[in-house]
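Everything below belongs to query_6.csv, which stores CSV, C-alpha atoms and all ligand atoms.
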```
chain,number,residue,atom,x,y,z
C,238,ASN,CA,14.0,-24.0,3.0
C,239,TRP,CA,12.2,-26.8,4.8
C,240,LYS,CA,8.9,-24.9,5.4
C,241,LEU,CA,8.5,-23.7,1.8
C,242,SER,CA,9.6,-26.8,-0.1
C,243,GLY,CA,6.4,-28.2,-1.3
C,244,TYR,CA,4.4,-25.3,0.2
C,245,ILE,CA,3.0,-24.1,-3.1
C,246,GLU,CA,2.1,-27.6,-4.3
C,247,ARG,CA,0.4,-28.5,-1.0
C,248,THR,CA,-1.4,-25.2,-0.7
C,249,VAL,CA,-2.7,-25.3,-4.3
C,250,ALA,CA,-4.1,-28.7,-3.6
C,251,GLU,CA,-5.7,-27.5,-0.4
C,252,ILE,CA,-7.3,-24.5,-2.2
C,253,LYS,CA,-8.7,-26.7,-4.9
C,254,GLU,CA,-10.1,-29.1,-2.4
C,255,LYS,CA,-11.7,-26.4,-0.2
C,256,VAL,CA,-13.1,-24.3,-3.1
C,257,GLY,CA,-14.3,-27.0,-5.4
C,258,ASN,CA,-16.3,-25.3,-8.2
C,259,GLU,CA,-17.2,-22.2,-6.2
C,260,LYS,CA,-16.2,-18.7,-6.9
C,261,VAL,CA,-13.7,-16.7,-4.8
C,262,ILE,CA,-13.4,-12.9,-4.6
C,263,LEU,CA,-10.3,-11.2,-3.5
C,264,GLY,CA,-9.4,-7.5,-2.8
C,265,LEU,CA,-6.2,-6.9,-4.7
C,266,SER,CA,-4.3,-3.9,-3.5
C,267,GLY,CA,-1.0,-4.2,-5.4
C,268,GLY,CA,0.8,-4.9,-2.2
C,269,VAL,CA,2.9,-7.9,-1.6
C,270,ASP,CA,0.5,-10.0,0.5
C,271,SER,CA,-2.7,-9.6,-1.6
C,272,SER,CA,-0.7,-10.1,-4.8
C,273,VAL,CA,1.0,-13.3,-3.7
C,274,ALA,CA,-2.3,-14.6,-2.3
C,275,ALA,CA,-4.0,-13.8,-5.6
C,276,VAL,CA,-1.4,-15.5,-7.8
C,277,LEU,CA,-1.3,-18.6,-5.5
C,278,ILE,CA,-5.1,-18.9,-5.6
C,279,HIS,CA,-5.2,-18.2,-9.3
C,280,LYS,CA,-2.7,-21.1,-9.8
C,281,ALA,CA,-5.1,-23.3,-8.0
C,282,ILE,CA,-8.5,-22.3,-9.4
C,283,GLY,CA,-7.8,-20.0,-12.4
C,284,ASP,CA,-10.9,-18.1,-13.5
C,285,GLN,CA,-12.9,-19.1,-10.5
C,286,LEU,CA,-11.0,-16.3,-8.8
C,287,GLN,CA,-12.4,-12.8,-9.2
C,288,CYS,CA,-10.2,-9.9,-8.0
C,289,ILE,CA,-11.5,-6.5,-7.1
C,290,PHE,CA,-9.0,-3.6,-7.3
C,291,VAL,CA,-10.3,-0.4,-5.7
C,292,ASP,CA,-8.5,2.7,-6.9
C,293,THR,CA,-9.0,5.1,-4.1
C,294,GLY,CA,-7.3,7.9,-6.0
C,295,LEU,CA,-4.9,7.9,-3.1
C,296,LEU,CA,-2.4,5.3,-4.5
C,297,ARG,CA,1.1,5.8,-5.8
C,298,LYS,CA,1.6,7.1,-9.4
C,299,ASP,CA,0.1,4.7,-12.1
C,300,GLU,CA,-0.6,2.0,-9.5
C,301,GLY,CA,-3.8,0.9,-11.1
C,302,LYS,CA,-2.3,0.7,-14.6
C,303,LYS,CA,0.7,-1.3,-13.3
C,304,VAL,CA,-1.6,-3.8,-11.4
C,305,MET,CA,-3.7,-4.3,-14.5
C,306,GLU,CA,-0.6,-4.9,-16.6
C,307,GLN,CA,1.1,-7.3,-14.3
C,308,TYR,CA,-1.8,-9.3,-12.8
C,309,GLY,CA,-4.4,-8.8,-15.6
C,310,ASN,CA,-2.3,-9.0,-18.8
C,311,HIS,CA,0.6,-11.0,-17.6
C,312,PHE,CA,-1.0,-13.4,-15.2
C,313,HIS,CA,-4.4,-13.4,-16.9
C,314,MET,CA,-6.4,-12.9,-13.7
C,315,ASN,CA,-9.9,-11.5,-13.7
C,316,ILE,CA,-9.7,-8.1,-12.2
C,317,ASP,CA,-12.6,-5.7,-11.7
C,318,MET,CA,-10.9,-2.3,-11.5
C,319,VAL,CA,-13.0,0.3,-9.7
C,320,ASP,CA,-12.1,3.9,-10.1
C,321,ALA,CA,-13.5,5.4,-6.9
C,322,SER,CA,-11.2,8.4,-6.8
C,323,GLU,CA,-14.0,10.9,-6.9
C,324,ARG,CA,-15.9,9.2,-4.1
C,325,PHE,CA,-12.9,9.2,-1.8
C,326,LEU,CA,-12.0,12.8,-2.6
C,327,SER,CA,-15.5,14.1,-2.0
C,328,LYS,CA,-15.7,12.2,1.3
C,329,LEU,CA,-12.4,13.7,2.4
C,330,LYS,CA,-13.4,17.3,1.6
C,331,GLY,CA,-13.0,19.5,4.6
C,332,ILE,CA,-11.3,16.8,6.7
C,333,SER,CA,-7.9,17.5,8.1
C,334,ASP,CA,-7.7,15.4,11.3
C,335,PRO,CA,-5.5,12.3,10.7
C,336,GLU,CA,-7.7,9.8,12.5
C,337,GLU,CA,-10.8,11.2,10.9
C,338,LYS,CA,-9.2,10.8,7.5
C,339,ARG,CA,-8.3,7.2,8.3
C,340,LYS,CA,-11.8,6.4,9.4
C,341,THR,CA,-13.3,8.1,6.4
C,342,ILE,CA,-11.1,6.3,4.0
C,343,GLY,CA,-11.5,2.9,5.8
C,344,LYS,CA,-15.3,3.3,5.8
C,345,GLU,CA,-15.5,4.3,2.2
C,346,PHE,CA,-13.2,1.4,1.2
C,347,VAL,CA,-15.5,-1.1,2.8
C,348,ALA,CA,-18.5,0.5,1.2
C,349,VAL,CA,-17.0,0.4,-2.3
C,350,PHE,CA,-15.7,-3.1,-1.9
C,351,ASP,CA,-19.1,-4.3,-0.6
C,352,GLU,CA,-20.9,-2.7,-3.5
C,353,GLU,CA,-18.6,-4.2,-6.0
C,354,SER,CA,-18.7,-7.6,-4.5
C,355,HIS,CA,-22.4,-7.7,-5.0
C,356,LYS,CA,-21.6,-7.9,-8.8
C,357,PHE,CA,-20.3,-11.4,-7.9
C,358,GLU,CA,-23.3,-12.5,-6.0
C,359,GLY,CA,-22.6,-16.2,-6.4
C,360,ALA,CA,-19.2,-16.1,-4.7
C,361,LYS,CA,-18.8,-18.4,-1.7
C,362,PHE,CA,-15.3,-17.3,-0.5
C,363,LEU,CA,-13.5,-14.1,0.3
C,364,ALA,CA,-9.7,-14.5,-0.1
C,365,GLN,CA,-7.3,-12.3,1.9
C,366,GLY,CA,-3.6,-11.9,2.0
C,367,THR,CA,-3.5,-12.3,5.8
C,368,ILE,CA,-0.1,-13.3,7.0
C,369,TYR,CA,1.1,-14.7,10.3
C,370,PRO,CA,2.0,-11.4,11.9
C,371,ASP,CA,-1.5,-10.0,11.1
C,372,VAL,CA,-3.1,-13.0,12.8
C,373,ILE,CA,-1.0,-12.3,15.9
C,374,GLU,CA,-1.6,-8.6,15.9
C,375,SER,CA,-5.4,-9.0,15.6
C,376,GLN,CA,-5.4,-11.5,18.4
C,377,SER,CA,-3.5,-9.4,20.8
C,378,VAL,CA,-5.4,-7.1,23.1
C,379,LYS,CA,-5.2,-3.9,21.1
C,380,GLY,CA,-1.5,-3.1,20.9
C,381,PRO,CA,-0.3,0.5,20.9
C,382,SER,CA,-0.5,0.7,17.1
C,383,ALA,CA,-4.2,-0.2,17.1
C,384,VAL,CA,-4.9,2.5,19.7
C,385,ILE,CA,-2.8,5.2,18.1
C,386,LYS,CA,-3.8,4.5,14.5
C,387,SER,CA,-6.7,2.5,13.4
C,388,HIS,CA,-5.4,0.3,10.6
C,389,HIS,CA,-8.2,-0.6,8.2
C,390,ASN,CA,-6.7,-3.4,6.2
C,391,VAL,CA,-6.8,-5.9,9.0
C,392,GLY,CA,-10.5,-5.7,9.6
C,393,GLY,CA,-13.3,-8.0,8.9
C,394,LEU,CA,-16.0,-8.5,6.4
C,395,PRO,CA,-19.1,-6.3,6.4
C,396,GLU,CA,-21.6,-8.3,8.5
C,397,GLU,CA,-24.1,-9.0,5.7
C,398,MET,CA,-21.5,-10.7,3.4
C,399,LYS,CA,-21.8,-14.3,4.3
C,400,LEU,CA,-18.6,-15.4,2.7
C,401,GLN,CA,-16.2,-18.0,3.9
C,402,LEU,CA,-12.6,-16.8,4.4
C,403,LEU,CA,-9.7,-18.1,2.4
C,404,GLU,CA,-6.4,-17.1,3.7
C,405,PRO,CA,-3.6,-19.2,2.2
C,406,LEU,CA,-0.7,-17.2,3.7
C,407,ARG,CA,-1.9,-17.3,7.3
C,408,GLU,CA,1.1,-19.3,8.4
C,409,LEU,CA,3.8,-17.4,6.7
C,410,PHE,CA,6.1,-14.6,7.7
C,411,LYS,CA,6.8,-11.8,5.3
C,412,ASP,CA,10.1,-13.2,4.1
C,413,GLU,CA,8.4,-16.5,3.3
C,414,VAL,CA,5.6,-14.7,1.5
C,415,ARG,CA,8.2,-13.0,-0.7
C,416,LYS,CA,9.9,-16.3,-1.5
C,417,VAL,CA,6.6,-17.9,-2.4
C,418,GLY,CA,5.8,-14.9,-4.6
C,419,GLU,CA,9.1,-15.2,-6.5
C,420,GLU,CA,8.7,-18.9,-6.9
C,421,LEU,CA,5.3,-18.2,-8.4
C,422,GLY,CA,6.9,-15.9,-10.9
C,423,ILE,CA,6.1,-12.5,-9.5
C,424,PRO,CA,8.9,-10.1,-10.4
C,425,HIS,CA,11.5,-9.5,-7.7
C,426,HIS,CA,10.8,-5.8,-7.5
C,427,LEU,CA,7.1,-6.3,-6.8
C,428,VAL,CA,7.7,-8.9,-4.1
C,429,TYR,CA,10.2,-6.7,-2.4
C,430,ARG,CA,8.1,-3.5,-2.4
C,431,HIS,CA,8.0,-1.4,0.7
C,432,PRO,CA,4.8,-1.5,2.7
C,433,PHE,CA,2.1,1.0,1.9
C,434,PRO,CA,-0.5,2.1,4.3
C,435,GLY,CA,-4.2,1.4,3.7
C,436,PRO,CA,-5.2,5.1,3.8
C,437,GLY,CA,-2.5,5.7,1.2
C,438,LEU,CA,-1.6,9.2,0.2
C,439,GLY,CA,-4.5,10.4,2.3
C,440,ILE,CA,-2.2,10.4,5.3
C,441,ARG,CA,0.8,11.7,3.4
C,442,ILE,CA,-0.9,14.9,2.4
C,443,LEU,CA,-1.0,16.7,5.7
C,444,GLY,CA,-4.2,18.6,6.3
C,445,GLU,CA,-7.0,18.6,3.8
C,446,VAL,CA,-6.6,16.3,0.7
C,447,SER,CA,-7.3,17.6,-2.8
C,448,GLU,CA,-6.9,16.2,-6.3
C,449,GLU,CA,-4.2,18.7,-7.0
C,450,LYS,CA,-2.2,17.8,-4.0
C,451,VAL,CA,-2.5,14.1,-4.7
C,452,LYS,CA,-1.1,14.7,-8.2
C,453,ILE,CA,1.8,16.8,-6.9
C,454,LEU,CA,2.7,14.2,-4.2
C,455,GLN,CA,2.5,11.3,-6.7
C,456,GLU,CA,5.0,12.9,-9.0
C,457,GLY,CA,7.4,13.8,-6.2
C,458,ASP,CA,7.1,10.4,-4.6
C,459,ASP,CA,7.7,8.6,-7.9
C,460,ILE,CA,10.9,10.5,-8.5
C,461,PHE,CA,12.3,9.5,-5.0
C,462,ILE,CA,11.4,5.9,-5.6
C,463,GLN,CA,12.9,5.9,-9.1
C,464,GLU,CA,16.1,7.3,-7.8
C,465,LEU,CA,16.3,4.7,-5.0
C,466,TYR,CA,16.0,1.9,-7.5
C,467,LYS,CA,18.5,3.6,-9.9
C,468,ASN,CA,21.1,3.9,-7.1
C,469,ASN,CA,20.6,0.5,-5.7
C,470,LEU,CA,19.2,1.9,-2.4
C,471,TYR,CA,15.6,0.7,-2.5
C,472,GLU,CA,16.2,-2.6,-0.8
C,473,LYS,CA,18.6,-1.1,1.7
C,474,VAL,CA,15.9,0.9,3.3
C,475,SER,CA,12.7,-0.4,4.9
C,476,GLN,CA,10.2,2.2,3.8
C,477,ALA,CA,10.6,5.4,1.8
C,478,PHE,CA,8.2,7.9,0.5
C,479,VAL,CA,7.4,11.6,0.2
C,480,VAL,CA,5.1,13.6,2.3
C,481,LEU,CA,3.4,16.9,1.2
C,482,LEU,CA,3.1,19.6,3.8
C,483,PRO,CA,0.5,22.3,3.6
C,484,VAL,CA,3.2,24.9,4.1
C,485,LYS,CA,4.2,27.2,1.3
C,486,SER,CA,7.5,29.0,1.1
C,487,VAL,CA,9.2,31.5,-1.2
C,488,GLY,CA,11.6,30.3,-3.8
C,489,VAL,CA,13.1,31.5,-7.0
C,490,MET,CA,13.0,29.8,-10.4
C,491,GLY,CA,14.8,31.6,-13.2
C,492,ASP,CA,13.8,35.3,-12.7
C,493,GLU,CA,10.5,34.3,-11.1
C,494,ARG,CA,9.6,34.3,-7.5
C,495,THR,CA,7.7,31.1,-6.5
C,496,TYR,CA,5.5,30.4,-3.6
C,497,GLU,CA,4.8,26.7,-3.4
C,498,TYR,CA,4.5,23.6,-1.2
C,499,THR,CA,7.1,21.9,0.9
C,500,ALA,CA,7.8,18.2,0.4
C,501,VAL,CA,9.4,16.0,3.0
C,502,VAL,CA,11.5,13.1,1.9
C,503,ARG,CA,11.2,10.3,4.4
C,504,SER,CA,13.1,7.0,4.6
C,505,ALA,CA,13.3,4.6,7.5
C,506,ASN,CA,15.2,1.6,8.4
C,507,THR,CA,13.6,-0.9,10.8
C,508,ILE,CA,13.1,-4.5,11.5
C,509,ASP,CA,9.7,-4.6,13.0
C,510,PHE,CA,8.3,-1.1,12.2
C,511,MET,CA,7.8,-0.6,16.0
C,512,THR,CA,11.0,1.3,16.3
C,513,ALA,CA,12.9,2.8,13.4
C,514,GLU,CA,15.8,5.1,12.5
C,515,PHE,CA,16.0,7.5,9.6
C,516,SER,CA,18.0,6.2,6.7
C,517,LYS,CA,21.5,7.6,6.4
C,518,LEU,CA,21.2,8.2,2.7
C,519,PRO,CA,24.2,9.8,0.9
C,520,TRP,CA,24.2,13.6,0.6
C,521,GLU,CA,24.8,13.4,-3.1
C,522,PHE,CA,21.8,11.1,-3.5
C,523,LEU,CA,19.5,13.4,-1.5
C,524,GLU,CA,20.8,16.3,-3.5
C,525,LYS,CA,19.8,14.6,-6.7
C,526,VAL,CA,16.4,13.7,-5.4
C,527,SER,CA,15.8,17.2,-4.2
C,528,ASN,CA,16.9,18.8,-7.4
C,529,ARG,CA,14.8,16.5,-9.5
C,530,ILE,CA,11.7,17.1,-7.4
C,531,ILE,CA,12.0,20.8,-7.4
C,532,ASN,CA,12.8,21.0,-11.1
C,533,GLU,CA,10.3,18.5,-12.3
C,534,VAL,CA,7.3,18.8,-10.0
C,535,ARG,CA,5.2,21.9,-10.4
C,536,GLY,CA,3.9,22.9,-7.0
C,537,ILE,CA,6.9,22.0,-4.9
C,538,ASN,CA,9.8,24.4,-4.5
C,539,ARG,CA,11.4,23.1,-1.3
C,540,VAL,CA,12.4,19.7,-0.2
C,541,THR,CA,13.4,18.7,3.4
C,542,TYR,CA,14.7,15.4,4.7
C,543,ASP,CA,13.1,13.9,7.8
C,544,ILE,CA,15.8,12.9,10.3
C,545,SER,CA,13.5,11.8,13.1
C,546,SER,CA,13.6,8.3,14.6
C,547,LYS,CA,10.7,6.3,16.0
C,548,PRO,CA,10.0,6.7,18.8
C,549,PRO,CA,9.2,9.5,19.5
C,550,ALA,CA,8.3,10.2,15.9
C,551,THR,CA,6.3,7.8,13.8
C,552,ILE,CA,7.3,6.6,10.3
C,553,GLU,CA,4.3,8.3,8.7
C,554,TRP,CA,3.5,11.9,9.4
C,555,GLU,CA,-0.1,11.3,10.3
C,601,LIG,P1,4.0,4.5,11.9
C,601,LIG,O1,3.7,5.7,11.2
C,601,LIG,O2,2.9,4.2,13.0
C,601,LIG,O3,3.9,3.3,10.9
C,601,LIG,O4,5.4,4.4,12.5
C,601,LIG,C1,4.3,2.0,11.1
C,601,LIG,C2,4.0,1.2,9.9
C,601,LIG,O5,2.6,1.1,9.7
C,601,LIG,C3,2.1,1.7,8.5
C,601,LIG,N1,0.9,2.4,8.8
C,601,LIG,C4,-0.3,1.9,8.3
C,601,LIG,N2,-0.7,0.9,7.6
C,601,LIG,N3,-3.0,1.5,7.7
C,601,LIG,C5,-2.0,0.7,7.3
C,601,LIG,O6,-2.4,-0.3,6.6
C,601,LIG,C6,-2.7,2.6,8.5
C,601,LIG,O7,-3.6,3.4,8.9
C,601,LIG,C7,-1.3,2.8,8.8
C,601,LIG,N4,-0.6,3.8,9.5
C,601,LIG,C8,0.7,3.5,9.4
C,601,LIG,C9,3.2,2.6,8.1
C,601,LIG,O8,3.2,2.8,6.7
C,601,LIG,C10,4.5,1.8,8.6
C,601,LIG,O9,4.8,0.8,7.6
```
Rewrite the structure of this file - the entire thing - as structure tokens.
Ligand code: XMP
Amino acid sequence: NWKLSGYIERTVAEIKEKVGNEKVILGLSGGVDSSVAAVLIHKAIGDQLQCIFVDTGLLRKDEGKKVMEQYGNHFHMNIDMVDASERFLSKLKGISDPEEKRKTIGKEFVAVFDEESHKFEGAKFLAQGTIYPDVIESQSVKGPSAVIKSHHNVGGLPEEMKLQLLEPLRELFKDEVRKVGEELGIPHHLVYRHPFPGPGLGIRILGEVSEEKVKILQEGDDIFIQELYKNNLYEKVSQAFVVLLPVKSVGVMGDERTYEYTAVVRSANTIDFMTAEFSKLPWEFLEKVSNRIINEVRGINRVTYDISSKPPATIEWE
């Protein structure tokens, strides 16, 4: 690949040159872009990089633990892990409107990140995993997605943080970012993860979010994702996840009548995420996923499969 050959070497040199002896902070989310940016910058400046990982409590099952294992233990990066779950949950109390949830989560994220970054007062740079499509999107006059849903991970810095931006992936497309990541030694499955929205499970729990619902959703979602990997389907779909509905229905478990939540299994195939079709997953596979979720997750007694395309539906439910 003409563009990537020498890319890492060249970028590492540029980062060293630009940063000198200064400190850099980076918001690590566990997603592909911020992880590749972190490993690349770490390769250039080592311990001068300080990552901040905010656990919003709205992440996938064991996300924080996995990030610490991979990037903390394996890559030896400095990671400040902030457990802000309670803060997020309490801010979300009583809120069920999707846009209000997004705004609340986005605002709280900036507040937590800002507070944490003050621990590293001397830092001169803020690194971000901005990639080329983000640059284009934020330059365009508010596209439909910006109007319909306020994305919070392509934002800006809080005004008072006078940090210089460091964005080593700005020229790369997603597939190039993945190649760079693999070349840097990030495991294949991490570099090929599906996208995950900034507001996280907050917008996959329809209606009001609670700790109990987060737990239920994490378990159900984890089963679906495990099964996709096991059956070699994960990389055949573009984005897959479980949604928890605030709808209870009657079921039967042994001799007991149950009255529990409904989960939606959602999987989409798309090239640009602007249009998408639902994944035509095999019936036997869906049956397995449904059985496992209902049998293993307390709180869910019914599983449905979302067969809507985008448009007119969106990939997410909120
Ligand atoms: P929709 O639901 O609009 O999703 O079809 C298209 C893609 O965007 C992601 N998405 C978000 N990402 N913050 C994000 O960072 C958000 O608020 C948000 N809403 C949707 C969604 O996961 C899908 O990949």
Near range 540-554 of chain C, counting only C-alpha atoms, which residues have an atom at most 6 Å away, once you skip same-chain residues fewer than 6 positions from it, shown as a list in words?
-> Thr499, Ala500, Val501, Val502, Arg503, Thr512, Ala513, Glu514, Phe515 and Ser527 of chain C
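Counting from CA of Phe362 in chain C, the distance to CA of Arg407 in chain C is 15.5 Å.
Using all atoms listed in the file, the protein and nucleic acid residues lying at most 8 Å from the point (-13.7, -9.1, -12.0) are Gln287, Cys288, Ile289, Asn315, Ile316, Asp317 and Met318 of chain C.
Going from CA of Ile537 in chain C over to CA of Arg494 in chain C, you cover 12.9 Å.
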Show me as a ChimeraX atom specification the residues that reach within 12 Å of (7.1, 10.2, -7.3), counting all atoms listed in the file and using the file's own coordinates.
-> /C:296-300,438,451-465,477-481,500,502,526-527,529-531,533-534
Could you put an axis-aligned box around every listed atom of ligand LIG 601 (chain C), padded by 5 Å on each side, and send me its centre and edge lengths in Å to one decimal, as lines of an AutoDock Vina configuration file?
```
center_x = 0.9
center_y = 2.7
center_z = 9.8
size_x = 19.0
size_y = 16.0
size_z = 16.4
```
Of C:Tyr369, C:Asp492, C:Lys525, C:Asp412, the one nearest to Lys467 in chain C when counting all atoms listed in the file is C:Lys525
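CA of His311 in chain C to CA of Glu254 in chain C spans 25.9 Å [interatomic distance, one decimal].
Nearest to Val261 in chain C of all the residues C:Glu336, C:Glu358, C:Asp292, C:Glu521 is C:Glu358, counting only C-alpha atoms.
With only C-alpha atoms and all ligand atoms as the atoms that count, the residue of C:Asp509, C:Glu352, C:Glu445, C:Glu524 with the shortest distance to ligand LIG 601 (chain C) is C:Asp509.
The smallest atom-to-atom distance between ligand LIG 601 (chain C) and any of C:Arg339, C:Gly439, C:Glu493, C:Ser486, using all atoms listed in the file, is found for C:Arg339.
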Give the answer as one residue: which of C:Thr341, C:Asn528, C:Ser447, C:Thr495 has the shortest atom-to-atom distance to ligand LIG 601 (chain C), using only C-alpha atoms and all ligand atoms?
-> C:Thr341
Residue among C:Arg539, C:His279, C:Lys338, C:Lys399 lying closest to ligand LIG 601 (chain C), counting all atoms listed in the file | C:Lys338
Neighbours of Leu421 in chain C within 12 Å (all atoms listed in the file; same-chain residues fewer than 2 positions away dropped), as a PDB file with C-alpha atoms, in the frame of the given file?
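Saved result, result_25.pdb, follows:
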```
ATOM      1  CA  TYR C 244       4.400 -25.300   0.200  1.00  0.00           C
ATOM      2  CA  ILE C 245       3.000 -24.100  -3.100  1.00  0.00           C
ATOM      3  CA  GLU C 246       2.100 -27.600  -4.300  1.00  0.00           C
ATOM      4  CA  VAL C 249      -2.700 -25.300  -4.300  1.00  0.00           C
ATOM      5  CA  SER C 272      -0.700 -10.100  -4.800  1.00  0.00           C
ATOM      6  CA  VAL C 273       1.000 -13.300  -3.700  1.00  0.00           C
ATOM      7  CA  ALA C 274      -2.300 -14.600  -2.300  1.00  0.00           C
ATOM      8  CA  ALA C 275      -4.000 -13.800  -5.600  1.00  0.00           C
ATOM      9  CA  VAL C 276      -1.400 -15.500  -7.800  1.00  0.00           C
ATOM     10  CA  LEU C 277      -1.300 -18.600  -5.500  1.00  0.00           C
ATOM     11  CA  ILE C 278      -5.100 -18.900  -5.600  1.00  0.00           C
ATOM     12  CA  HIS C 279      -5.200 -18.200  -9.300  1.00  0.00           C
ATOM     13  CA  LYS C 280      -2.700 -21.100  -9.800  1.00  0.00           C
ATOM     14  CA  ALA C 281      -5.100 -23.300  -8.000  1.00  0.00           C
ATOM     15  CA  PHE C 312      -1.000 -13.400 -15.200  1.00  0.00           C
ATOM     16  CA  VAL C 414       5.600 -14.700   1.500  1.00  0.00           C
ATOM     17  CA  ARG C 415       8.200 -13.000  -0.700  1.00  0.00           C
ATOM     18  CA  LYS C 416       9.900 -16.300  -1.500  1.00  0.00           C
ATOM     19  CA  VAL C 417       6.600 -17.900  -2.400  1.00  0.00           C
ATOM     20  CA  GLY C 418       5.800 -14.900  -4.600  1.00  0.00           C
ATOM     21  CA  GLU C 419       9.100 -15.200  -6.500  1.00  0.00           C
ATOM     22  CA  ILE C 423       6.100 -12.500  -9.500  1.00  0.00           C
ATOM     23  CA  PRO C 424       8.900 -10.100 -10.400  1.00  0.00           C
ATOM     24  CA  HIS C 425      11.500  -9.500  -7.700  1.00  0.00           C
ATOM     25  CA  VAL C 428       7.700  -8.900  -4.100  1.00  0.00           C
TER      26      VAL C 428
END
```
Could you list, as a PDB file with C-alpha atoms, in the coordinates of the input, every residue within 12 Å of Lys473 in chain C, counting all atoms listed in the file and ignoring same-chain residues fewer than 6 positions away?
```
ATOM      1  CA  TYR C 429      10.200  -6.700  -2.400  1.00  0.00           C
ATOM      2  CA  ARG C 430       8.100  -3.500  -2.400  1.00  0.00           C
ATOM      3  CA  HIS C 431       8.000  -1.400   0.700  1.00  0.00           C
ATOM      4  CA  LEU C 465      16.300   4.700  -5.000  1.00  0.00           C
ATOM      5  CA  TYR C 466      16.000   1.900  -7.500  1.00  0.00           C
ATOM      6  CA  SER C 504      13.100   7.000   4.600  1.00  0.00           C
ATOM      7  CA  ALA C 505      13.300   4.600   7.500  1.00  0.00           C
ATOM      8  CA  ASN C 506      15.200   1.600   8.400  1.00  0.00           C
ATOM      9  CA  THR C 507      13.600  -0.900  10.800  1.00  0.00           C
ATOM     10  CA  ILE C 508      13.100  -4.500  11.500  1.00  0.00           C
ATOM     11  CA  PHE C 515      16.000   7.500   9.600  1.00  0.00           C
ATOM     12  CA  SER C 516      18.000   6.200   6.700  1.00  0.00           C
ATOM     13  CA  LYS C 517      21.500   7.600   6.400  1.00  0.00           C
ATOM     14  CA  LEU C 518      21.200   8.200   2.700  1.00  0.00           C
TER      15      LEU C 518
END
```
